[in-house]
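A.B. asks: I'd like to ask you about the structure that follows.
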Amino acid sequence: MKPLVRKLFRDLLHLKGQMLAVSAVVACGIAVFVSMTSVKYSLEASRTNYYGRYRFGDVFMQVKRAPEFLAGAVGRIPGVASVSTRIVTDVTIDVPGLDEPATARLISIPERGEPLLNGVFIATGRGIEPYASDEVVASKPFLGANSLKPGARIGAVINGRWKELRVVGSGLSPEYIYEVQPGAFFPDKRRFGVFWMSRKSLESALNMSGAFNDLSLTLSHGASEKDVIMRLDQMFARYGSLGAYGRSEQLSDRFISDEIKQLGTQITVLPAIFLLVAVFLLNIVLQRLVSTQRDQIAVLKAMGYSNLQIALHFLGFAMVPTAVGAVMGTALGVWIGIGLVKIYGEFYNFAELVYVFRPENAVVAVLLSVVAAMVGALAAVRRAVLLPPAEAMRPEAPPLYRPGVLDRTGFGRRFSVPVRIIVRNIERRPWKSAVSVTMIALSVAILIAGRYTYDAVDRMSAVEFSEKHREDVTVIFNTPMPPSTAYAIASLEGVLEHEYYREEPARLVFGHRMRRQAIRGLQPESVLQRLVDKDTHRQRLPESGILLTTTLADLLGVKPGDRLRVELLQGARRSADVAVAGTIDEILGLSAYMRLDELDRLAGDGGALNAANLRIDKNREESLYRSFKHMPGVSGIMMLKALRQSFDELIAESMTTSTFILTSFACVLAFAVVYNGARISLSERARELSSLRVLGMTKAEIAFILLGEQALFCVAAVPLGFLIGIALSALLSFALSSELYRLPLAFSTTNFLFALGVLFIVAVFSGFAVRRRLVTLDLIAVLKTRE
């Protein structure tokens, strides 16, 4: 080995604690980058393969009833590549072992062969056989949640008639990667499932022979989705079309697309923080190294080593720990990525979710770490190169000392000598102290931001399931019912309170902007479903006009007082200009509200109801559930308690691992900053502290001087870290929010106490590690060292 290489590794061994801390920080940043990047590409690749292999549609449309021969006319629209029609309906089912009623979406498939579009992957069992009218393939998550297997029998009310269905297999479809009941945002695997059954069976049960109510199509390359949708809307307006829409508005695809976008945000923000701290650590370590090796630099230059050789030598102090961190981080990132992909596999229903690690990820990770190392080492390397040999042989000029604040004000006499030494040292190096405090604050901020999602989800749960929705059961009718028929539900024994609402699919137009959006008509002074914003403030339904969620109003570009064009998409398909009465900042989805009587007048049909919200007697819920299971005219039942339980389980499963990983990395970051700060301070002040020991100070007093300074940095970093954490959480809230949901900016006391506790433990641990070196300090050797 060359002399400079031997010197490099000898010095690295001497600085092993500090360099390992640098490597750990770099490894954390690279691990976050590699894991999130690989998960993002894994989801993208799995989605692309899934969509392609099972022929997921590009454009979708639901109608009330349309003749089958129109499929040919759709296929002749310019830009349409393939067309598939089918029958879809929602029914109430009786699941073995489940007391509550459940909901199934029945989708027709050919008796022979595979569907032309939106194919079904048979996970277990088999597909349906021709002429077997009772056979169905049930969605795999539904069967798994209810511990059912092929061969199970499930009762269903189809078009008012009781029918027993026999499950012959479990399946998955790209249309339901995110499987959720219509009208809900969170999956309830036990109480909602998708069933595929033969086209002839559904035609017979629903009197839909020679007709369809659901259409999917794919587009040829270069086709205009907008033009095709416009032609479809014109063609099917008379058949009760609710408006065609592209894949970007398909609920399942929107959820998985938003998830991929959120991963892209995490790839950008979090690794940058870790690498920024690594730059800081390398800078202070190497600056100190150059200061202590001035005479060695002079000797090297005197022996003929060029400035380039010396620069590369000191750059090696940055490159070696960074390279170690990059390798460790890449391996750790792959391991974490594989685990996260498995978690996503439980959350999203892919036929095959494979882990994809691209070599480009490793290359980018190495480049990021190299850039961080070079930036961190730049100042120290430049200082070493520009140092003249003659100047380097002399000790570094002592700093210029001036009276500090305590000395000038006279308060210094009230404090002990160790305290005055701590304050003076901080005053004489304000920039270094400020940067140290900032780096510690960043670790606190990551702890705050890492657990922020817990608090945001708790707020979402409280708003949606406690403040906004207070019903026990929502009964959804399969067709709009007149009020006289709907009110019959109130007569059921065990119903304590009842409210009804109407939903009208509409097209909202303002200028050149347009959105397909259902308008919900609520009863005035509703108690079971209230209008509550993300800050839990209740809002009254306006006497007239329409109330929009803030996000929907922003998308349409409207503000209170504007006139919005409302075009209803069913019934008489009436349209009118309606005043925007106000906005409400809700957490979930896009919504538009009107008074029920106002919506009835707009529709002009004398009134109709789509669903009932009920509060029921807990002692009679079993008899009510039995009634709901066999009730004709009901397409679905939603249980608020079950939805909340499913939501809590889902969030706990999906968030615990990622939060634990991020918290662990934040702990490493905090320890690295605090430990390195104390070790460098010990290195810089070893001669001073040894002199104080010789002058009579005890080991406890010099330990107090050294560690007290780091303790003050930690104390000062706490409020700054809280502020940065709140700002970082606000950034994450903005970046992770979408049309589907908005993360509220909410923090619990537990979050801040947790961050404070972690910092305290890390500070104590690093303090003990440094104190062990301090008490074993060789006074004679240190005092002989020429600085």
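Ordering of the structure tokens sets the chain letters (A, B, ...), residue numbers begin anew at 1 in every chain, and ligands are numbered from 1 in the order given.
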If you run DSSP on this backbone, which residues of range 406-480 of chain A come out as strand (DSSP E or B), and could you give them as a list in words?
C.D. replies: His469, Val473, Thr474, Val475, Ile476, Phe477, Asn478, Thr479 and Pro480 of chain A
A.B. asks: Take the residues from that selection and write them out as a compact mmCIF listing (two decimals), in the first residue's frame, keeping all heavy atoms.
C.D. replies:
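New file part.txt:
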# COMPACT_ATOMS: atom_id res chain seq x y z
N HIS A 469 -70.51 11.42 10.49
CA HIS A 469 -71.45 10.31 10.40
C HIS A 469 -71.79 9.80 11.80
O HIS A 469 -70.91 9.34 12.52
CB HIS A 469 -70.87 9.18 9.55
CG HIS A 469 -70.71 9.53 8.10
ND1 HIS A 469 -71.75 9.51 7.22
CD2 HIS A 469 -69.63 9.92 7.39
CE1 HIS A 469 -71.33 9.87 6.01
NE2 HIS A 469 -70.04 10.13 6.10
N VAL A 473 -76.34 2.46 10.50
CA VAL A 473 -76.50 1.70 9.27
C VAL A 473 -76.94 2.64 8.16
O VAL A 473 -77.75 3.55 8.40
CB VAL A 473 -77.55 0.57 9.43
CG1 VAL A 473 -77.73 -0.20 8.13
CG2 VAL A 473 -77.16 -0.37 10.55
N THR A 474 -76.42 2.43 6.96
CA THR A 474 -76.91 3.11 5.76
C THR A 474 -77.49 2.06 4.82
O THR A 474 -76.78 1.12 4.43
CB THR A 474 -75.80 3.90 5.06
OG1 THR A 474 -75.29 4.89 5.94
CG2 THR A 474 -76.32 4.57 3.80
N VAL A 475 -78.76 2.20 4.49
CA VAL A 475 -79.43 1.28 3.58
C VAL A 475 -79.52 1.96 2.21
O VAL A 475 -80.12 3.02 2.08
CB VAL A 475 -80.84 0.92 4.09
CG1 VAL A 475 -81.53 -0.05 3.13
CG2 VAL A 475 -80.76 0.32 5.48
N ILE A 476 -78.90 1.33 1.19
CA ILE A 476 -78.87 1.91 -0.16
C ILE A 476 -79.88 1.19 -1.03
O ILE A 476 -79.87 -0.05 -1.12
CB ILE A 476 -77.45 1.79 -0.75
CG1 ILE A 476 -76.42 2.45 0.17
CG2 ILE A 476 -77.39 2.42 -2.14
CD1 ILE A 476 -74.98 2.19 -0.22
N PHE A 477 -80.78 1.95 -1.66
CA PHE A 477 -81.80 1.36 -2.51
C PHE A 477 -81.23 1.10 -3.90
O PHE A 477 -80.39 1.86 -4.40
CB PHE A 477 -83.02 2.29 -2.61
CG PHE A 477 -83.51 2.77 -1.27
CD1 PHE A 477 -83.86 4.10 -1.07
CD2 PHE A 477 -83.62 1.89 -0.21
CE1 PHE A 477 -84.31 4.53 0.16
CE2 PHE A 477 -84.07 2.32 1.03
CZ PHE A 477 -84.41 3.65 1.22
N ASN A 478 -81.73 0.02 -4.54
CA ASN A 478 -81.20 -0.29 -5.88
C ASN A 478 -81.73 0.64 -6.95
O ASN A 478 -81.11 0.81 -8.00
CB ASN A 478 -81.46 -1.75 -6.25
CG ASN A 478 -82.92 -2.12 -6.12
OD1 ASN A 478 -83.79 -1.25 -6.02
ND2 ASN A 478 -83.20 -3.41 -6.10
N THR A 479 -82.88 1.27 -6.73
CA THR A 479 -83.40 2.31 -7.61
C THR A 479 -83.97 3.42 -6.75
O THR A 479 -84.41 3.18 -5.61
CB THR A 479 -84.52 1.76 -8.53
OG1 THR A 479 -85.57 1.19 -7.72
CG2 THR A 479 -83.96 0.70 -9.48
N PRO A 480 -84.01 4.66 -7.25
CA PRO A 480 -84.60 5.73 -6.45
C PRO A 480 -86.05 5.42 -6.10
O PRO A 480 -86.83 4.99 -6.95
CB PRO A 480 -84.50 6.95 -7.39
CG PRO A 480 -83.37 6.63 -8.31
CD PRO A 480 -83.44 5.14 -8.52
A.B. asks: Near range 577-588 of chain A, counting only C-alpha atoms, which residues have an atom at most 10 Å away, once you skip same-chain residues fewer than 6 positions from it, shown as a VMD selection string?
C.D. replies: chain A and resid 184 to 185 459 to 461 463 to 464 468 508 to 510 531 to 554 558 to 567 594 602 737 to 744
A.B. asks: CA of Asp90 in chain A and CA of Val495 in chain A, how far apart in Å?
C.D. replies: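 These atoms are spaced 23.8 Å apart.
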A.B. asks: Measure the distance from CA of Gly511 in chain A to CA of Phe60 in chain A in Å and round it to one decimal.
C.D. replies: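 Distance reported for this atom pair: 25.1 Å.
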A.B. asks: Between A:Lys699, A:Pro78, A:Leu712, A:Thr37, which residue has the minimum interatomic distance to Val364 in chain A, considering only C-alpha atoms?
C.D. replies: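 The closest residue to Val364 in chain A is A:Thr37.
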A.B. asks: Kindly indicate which residue among A:Leu614, A:Met303, A:Met19, A:Leu353 lies nearest to Pro3 in chain A, using only C-alpha atoms for the distances.
C.D. replies: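 Going through A:Leu614, A:Met303, A:Met19, A:Leu353 one by one, the smallest distance to Pro3 in chain A is for A:Met303.
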A.B. asks: List the spatial neighbours of Val334 in chain A as a ChimeraX atom specification - criterion: any atom at most 9 Å away, only C-alpha atoms, same-chain residues fewer than 3 positions off excluded.
C.D. replies: /A:31,34-35,38,329-331,337-339,357
A.B. asks: What's the separation between CA of Leu522 in chain A and CA of Pro483 in chain A, in Å to one decimal place?
C.D. replies: 13.2 Å
A.B. asks: Using only C-alpha atoms, which protein or nucleic acid residues come within 6 Å of Gly171 in chain A? Drop anything in the same chain fewer than 3 positions from it, and give the result as a VMD selection string.
C.D. replies: chain A and resid 121 to 123 138 to 140
A.B. asks: With all heavy atoms retained, could you export that selection as a tab-separated table (two decimals), in the first residue's frame?
C.D. replies:
chain	number	residue	atom	x	y	z
A	121	PHE	N	-58.51	-12.89	-13.07
A	121	PHE	CA	-57.46	-13.85	-12.72
A	121	PHE	C	-58.02	-14.83	-11.70
A	121	PHE	O	-58.48	-14.42	-10.63
A	121	PHE	CB	-56.24	-13.11	-12.15
A	121	PHE	CG	-55.28	-14.00	-11.42
A	121	PHE	CD1	-54.48	-14.90	-12.10
A	121	PHE	CD2	-55.17	-13.93	-10.03
A	121	PHE	CE1	-53.60	-15.72	-11.42
A	121	PHE	CE2	-54.29	-14.74	-9.34
A	121	PHE	CZ	-53.50	-15.63	-10.05
A	122	ILE	N	-58.02	-16.11	-12.04
A	122	ILE	CA	-58.52	-17.13	-11.13
A	122	ILE	C	-57.39	-17.53	-10.19
A	122	ILE	O	-56.41	-18.17	-10.59
A	122	ILE	CB	-59.05	-18.37	-11.88
A	122	ILE	CG1	-60.12	-17.95	-12.90
A	122	ILE	CG2	-59.60	-19.39	-10.91
A	122	ILE	CD1	-61.33	-17.29	-12.28
A	123	ALA	N	-57.52	-17.11	-8.91
A	123	ALA	CA	-56.47	-17.37	-7.92
A	123	ALA	C	-56.55	-18.79	-7.38
A	123	ALA	O	-55.53	-19.48	-7.26
A	123	ALA	CB	-56.56	-16.35	-6.79
A	138	ALA	N	-65.81	-15.46	-6.67
A	138	ALA	CA	-65.83	-14.36	-5.70
A	138	ALA	C	-64.43	-13.76	-5.56
A	138	ALA	O	-63.42	-14.45	-5.75
A	138	ALA	CB	-66.33	-14.85	-4.34
A	139	SER	N	-64.38	-12.50	-5.22
A	139	SER	CA	-63.09	-11.83	-5.08
A	139	SER	C	-62.29	-12.46	-3.94
A	139	SER	O	-62.83	-12.79	-2.88
A	139	SER	CB	-63.28	-10.33	-4.84
A	139	SER	OG	-64.07	-10.10	-3.70
A	140	LYS	N	-61.01	-12.61	-4.18
A	140	LYS	CA	-60.12	-13.27	-3.23
A	140	LYS	C	-60.10	-12.58	-1.87
A	140	LYS	O	-60.15	-13.26	-0.83
A	140	LYS	CB	-58.72	-13.35	-3.83
A	140	LYS	CG	-57.70	-14.06	-2.96
A	140	LYS	CD	-56.33	-14.06	-3.63
A	140	LYS	CE	-55.28	-14.70	-2.71
A	140	LYS	NZ	-53.94	-14.68	-3.35
A.B. asks: Can you check which residues of range 401-578 of chain A DSSP gives as alpha helix (DSSP H) on the backbone and send them as a ChimeraX atom specification?
C.D. replies: /A:405-409,417-428,430-462,483-486,550-556
A.B. asks: Write out as a list in words the residues lying within 7 Å of Ser216 in chain A, counting only C-alpha atoms and excluding same-chain residues fewer than 3 positions away.
C.D. replies: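 Result of the neighbour search: Gly57, Val59, Phe60, Met61, Val83, Ser84 and Thr85 of chain A.
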A.B. asks: Just the residues within 10 Å of Gly210 in chain A, please, counting only C-alpha atoms, with nothing from its chain fewer than 3 positions along; format it as number ranges by chain.
C.D. replies: A: 65-69, 200, 203, 207
A.B. asks: Taking 5 positions as the minimum chain separation for residues in the same chain, which residues sit within 7 Å of Ala449 in chain A when counting only C-alpha atoms? Answer as an MDAnalysis selection string.
C.D. replies: chainID A and resid 725 728:729
A.B. asks: Convert the current residue selection to file output with C-alpha atoms, as a PDB file, in the first residue's frame.
C.D. replies:
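Produced file out-v1.pdb, reproduced below:
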ATOM      1  CA  GLY A 725     -41.334  19.235  12.054  1.00  0.00           C
ATOM      2  CA  LEU A 728     -42.242  19.443   7.135  1.00  0.00           C
ATOM      3  CA  SER A 729     -45.571  17.860   8.081  1.00  0.00           C
TER       4      SER A 729
END
A.B. asks: Go through A:Gly304, A:Gly767, A:Pro115, A:Gly240 one by one, measure the shortest atom-to-atom distance of each to Tyr675 in chain A using only C-alpha atoms, and give the residue with the smallest value.
C.D. replies: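 Using only C-alpha atoms, Tyr675 in chain A sits closest to A:Gly767.
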A.B. asks: Taking only C-alpha atoms into account, name the residue in A:Leu745, A:Ala711, A:Leu4, A:Cys667 that is nearest to Gln309 in chain A.
C.D. replies: A:Leu4
